[in-house]
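Report on one structure; see the data block that follows.
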Amino acid sequence: MDHNLLNDICLQQLTLSGVHEGETISVLTRGDERVDYADSFMWAAQKLGAATFHLRLPSPASASGAWAVGESGLGTNPLAVEALQRTDMLVDLTFLLFSKEQFAIQDAGTRILTAVEPAPLLARLMPTRELRERVEIGAELLVKAQTMRITSPHGTDVTYELGVYPTMSEYGYTDQPGRWDHWPAAFVFTGGADDGVDGTIVLAPGDVLLPFNTYVQTPVHITIERGFIRDIRGGLDAELLSSYIRSFDDPRGYGMSHVGWGLDERAHWHGLTQFGGGMGMELRSFYGNVMFSIGPNNELGGPNDTPCHFDIPMRGCSLLLDDELIVDAGELTVPEMRPAARR
């Protein structure tokens, strides 16, 4: 992307995130990754009158797994964590999510924005205040619910007991102290009780396996009892999913994590065919998808901090909150959650 265009979208983002004169904005990178993003975010911060600095960590010595989470690169660097805690906003260009260091930075009141997707995608899915309003309406419904049931024509029928963990909303920018968000993003989610998820999930062709960044080709039957996956059956996709989880040698990798739905009508289900180098945020956000996750729930305050994590957006599902239909075969039923063109 042209450097001037990158400057422009970073300026739009920091404006939405409420950056203003008198604030200090930190930017975190690792190795040689996204240095051009860092330059543009710092330019935008200065344009808005804020002080700014770039903290660059060394490249990781090694990588474990396709997407092991929780390793921030800050674990042995308390001075770096302290520096980030003292800023008003951190632009995370490394993906700190699920790490103890991110929680410590948020607890200090620093708001955090993660941005690791390709720049053309950031530009196309620029957050809007209207989208934020629709996401927050979804969050209001979810926070009141005691149960969630997900069904599909393929055989999914799973129930989550809610009310233990908080409801989270993501709409792509952050203007509140201590709040984390991810650009781009547009979905709401919570977690089921640790022993309160039961039923069957059937992944169908076209559902998405993240972090594999692949589409399901053959049905996968997943049996869940008391919050943990007890059985995974099917063809090659089921074997790959099972093999990956086993490779962590951690039974907590079978735990059920967060669950929710997407609201961005601009996000494309076929997005994996367009961009490389990202982590699939477009697929988590596309309108009407129902996504469940496997692995850590410490983001919600839970005890599971396994590095084994899957997000699995599904198409064509229905989702009910306390028996009220919220998503009907991939279409949102609440008019206030729909874009104006769908009301």
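Following the order of the structure tokens, chains are lettered A, B, ..., residues in each are numbered from 1, and ligands are numbered from 1.
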
Quiz item: Running DSSP on the backbone, which parts of segment 20-225 of chain A land in alpha helix (DSSP H), as a PyMOL selection string?
Solution: chain A and resi 35-47+78-85+100-107+119-124+129-144

Create the file for the chosen residues now, containing C-alpha atoms and written as a PDB file, in the first residue's frame.
```pdb
ATOM      1  CA  VAL A  35       7.833  -1.370  10.699  1.00  0.00           C
ATOM      2  CA  ASP A  36       5.988   0.608   7.999  1.00  0.00           C
ATOM      3  CA  TYR A  37       2.820   0.358  10.113  1.00  0.00           C
ATOM      4  CA  ALA A  38       4.755   1.669  13.113  1.00  0.00           C
ATOM      5  CA  ASP A  39       6.002   4.672  11.153  1.00  0.00           C
ATOM      6  CA  SER A  40       2.486   5.520   9.984  1.00  0.00           C
ATOM      7  CA  PHE A  41       0.929   5.161  13.427  1.00  0.00           C
ATOM      8  CA  MET A  42       3.589   7.434  14.930  1.00  0.00           C
ATOM      9  CA  TRP A  43       3.058   9.983  12.150  1.00  0.00           C
ATOM     10  CA  ALA A  44      -0.700   9.902  12.858  1.00  0.00           C
ATOM     11  CA  ALA A  45      -0.186  10.242  16.616  1.00  0.00           C
ATOM     12  CA  GLN A  46       1.976  13.318  16.113  1.00  0.00           C
ATOM     13  CA  LYS A  47      -0.567  14.749  13.681  1.00  0.00           C
ATOM     14  CA  PRO A  78       9.643  -5.942  32.863  1.00  0.00           C
ATOM     15  CA  LEU A  79      11.100  -2.531  31.975  1.00  0.00           C
ATOM     16  CA  ALA A  80       9.460  -2.701  28.553  1.00  0.00           C
ATOM     17  CA  VAL A  81       6.139  -3.677  30.140  1.00  0.00           C
ATOM     18  CA  GLU A  82       6.442  -0.770  32.560  1.00  0.00           C
ATOM     19  CA  ALA A  83       7.102   1.666  29.724  1.00  0.00           C
ATOM     20  CA  LEU A  84       3.979   0.474  27.891  1.00  0.00           C
ATOM     21  CA  GLN A  85       1.900   0.650  31.072  1.00  0.00           C
ATOM     22  CA  LYS A 100      -0.030 -12.058  31.017  1.00  0.00           C
ATOM     23  CA  GLU A 101       1.798  -8.962  29.859  1.00  0.00           C
ATOM     24  CA  GLN A 102      -1.186  -7.692  27.872  1.00  0.00           C
ATOM     25  CA  PHE A 103      -3.440  -8.086  30.898  1.00  0.00           C
ATOM     26  CA  ALA A 104      -0.904  -6.192  33.040  1.00  0.00           C
ATOM     27  CA  ILE A 105      -0.774  -3.342  30.519  1.00  0.00           C
ATOM     28  CA  GLN A 106      -4.571  -3.129  30.372  1.00  0.00           C
ATOM     29  CA  ASP A 107      -4.826  -3.237  34.165  1.00  0.00           C
ATOM     30  CA  ALA A 119      -3.078  -2.981   4.961  1.00  0.00           C
ATOM     31  CA  PRO A 120      -5.623  -3.302   2.088  1.00  0.00           C
ATOM     32  CA  LEU A 121      -7.913  -5.208   4.460  1.00  0.00           C
ATOM     33  CA  LEU A 122      -7.478  -2.576   7.184  1.00  0.00           C
ATOM     34  CA  ALA A 123      -8.519   0.059   4.665  1.00  0.00           C
ATOM     35  CA  ARG A 124     -11.571  -1.837   3.359  1.00  0.00           C
ATOM     36  CA  ARG A 129     -19.390   4.454  14.677  1.00  0.00           C
ATOM     37  CA  GLU A 130     -22.532   2.956  13.134  1.00  0.00           C
ATOM     38  CA  LEU A 131     -20.973  -0.517  13.227  1.00  0.00           C
ATOM     39  CA  ARG A 132     -19.956   0.047  16.840  1.00  0.00           C
ATOM     40  CA  GLU A 133     -23.567   0.835  17.739  1.00  0.00           C
ATOM     41  CA  ARG A 134     -24.786  -2.416  16.176  1.00  0.00           C
ATOM     42  CA  VAL A 135     -22.083  -4.449  17.926  1.00  0.00           C
ATOM     43  CA  GLU A 136     -22.982  -2.883  21.265  1.00  0.00           C
ATOM     44  CA  ILE A 137     -26.655  -3.755  20.763  1.00  0.00           C
ATOM     45  CA  GLY A 138     -25.586  -7.364  20.327  1.00  0.00           C
ATOM     46  CA  ALA A 139     -23.496  -7.146  23.487  1.00  0.00           C
ATOM     47  CA  GLU A 140     -26.490  -5.808  25.437  1.00  0.00           C
ATOM     48  CA  LEU A 141     -28.529  -8.861  24.415  1.00  0.00           C
ATOM     49  CA  LEU A 142     -25.738 -11.299  25.170  1.00  0.00           C
ATOM     50  CA  VAL A 143     -24.926  -9.953  28.633  1.00  0.00           C
ATOM     51  CA  LYS A 144     -28.512 -10.605  29.777  1.00  0.00           C
TER      52      LYS A 144
END
```

Self-check item: Who sits within 9 Å of Gly31 of chain A, only C-alpha atoms, same chain under 3 positions skipped, as a ChimeraX atom specification
Solution: /A:34-35,56-60

Can I get the selected residues back with N, CA and C atoms, as a compact mmCIF listing (two decimals), in the first residue's frame?
```txt
# COMPACT_ATOMS: atom_id res chain seq x y z
N ARG A 34 6.15 -5.24 10.23
CA ARG A 34 5.23 -4.10 10.27
C ARG A 34 5.90 -2.80 10.72
N VAL A 35 7.15 -2.62 10.37
CA VAL A 35 7.83 -1.37 10.70
C VAL A 35 7.18 -0.21 9.96
N ARG A 56 10.64 -1.73 19.87
CA ARG A 56 10.86 -2.84 18.94
C ARG A 56 11.54 -4.00 19.66
N LEU A 57 10.86 -5.14 19.72
CA LEU A 57 11.40 -6.34 20.34
C LEU A 57 12.20 -7.16 19.33
N PRO A 58 13.14 -7.98 19.79
CA PRO A 58 13.85 -8.85 18.85
C PRO A 58 12.92 -9.91 18.28
N SER A 59 13.30 -10.45 17.14
CA SER A 59 12.53 -11.54 16.55
C SER A 59 12.56 -12.74 17.48
N PRO A 60 11.47 -13.54 17.50
CA PRO A 60 11.49 -14.74 18.36
C PRO A 60 12.57 -15.71 17.92
```

Quiz item: Can you list every residue in segment 96-334 of chain A that DSSP puts in strand (DSSP E or B), as number ranges by chain?
Solution: A: 111-114, 147-151, 157-161, 168-170, 180-182, 187-191, 197-203, 208-210, 214-215, 220-225, 228-234, 255-262, 264, 286, 290-294, 310-314, 318-321, 324-328, 331-332

Practice problem: Just the residues within 6 Å of Thr52 of chain A, please, counting only C-alpha atoms, with nothing from its chain fewer than 6 positions along; format it as a PyMOL selection string. | Solution: chain A and resi 24-26

Self-check item: Shortest interatomic distance to Leu14 of chain A - which of A:Gly172, A:Pro205, A:Gly260, A:Gly75, counting only C-alpha atoms
Solution: A:Gly172

Self-check item: Counting only C-alpha atoms, the option among A:Leu236, A:Ile222, A:Val259, A:Leu55 closest to Leu162 of chain A
Solution: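 The answer is A:Val259, which sits nearest to Leu162 of chain A.
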
Give me the residues of segment 151-223 of chain A that have any atom at most 9 Å from an atom of segment 276-287 of chain A; for each, the nearest atom pair and the distance in Å, rounded to one decimal. Use only C-alpha atoms, sort by chain and number, and format it as a Markdown table.
```
| residue | atom | partner | partner_atom | distance |
| --- | --- | --- | --- | --- |
| A:His182 | CA | A:Met281 | CA | 8.3 |
| A:Trp183 | CA | A:Met281 | CA | 8.1 |
| A:Pro184 | CA | A:Met281 | CA | 6.4 |
| A:Ala185 | CA | A:Ser285 | CA | 5.6 |
| A:Ala186 | CA | A:Ser285 | CA | 5.0 |
| A:Phe187 | CA | A:Ser285 | CA | 5.7 |
| A:Val208 | CA | A:Leu283 | CA | 7.6 |
| A:Leu210 | CA | A:Gly280 | CA | 7.0 |
| A:Pro211 | CA | A:Met279 | CA | 6.8 |
| A:Asn213 | CA | A:Gly280 | CA | 6.8 |
```

Quiz item: Within 12 Å of Asn289 of chain A, counting only C-alpha atoms, which residues qualify if same-chain residues fewer than 3 places away don't, as number ranges by chain?
Solution: A: 150, 152, 186-189, 206-208, 259-265, 267-269, 282-286, 292, 311-319, 326-332
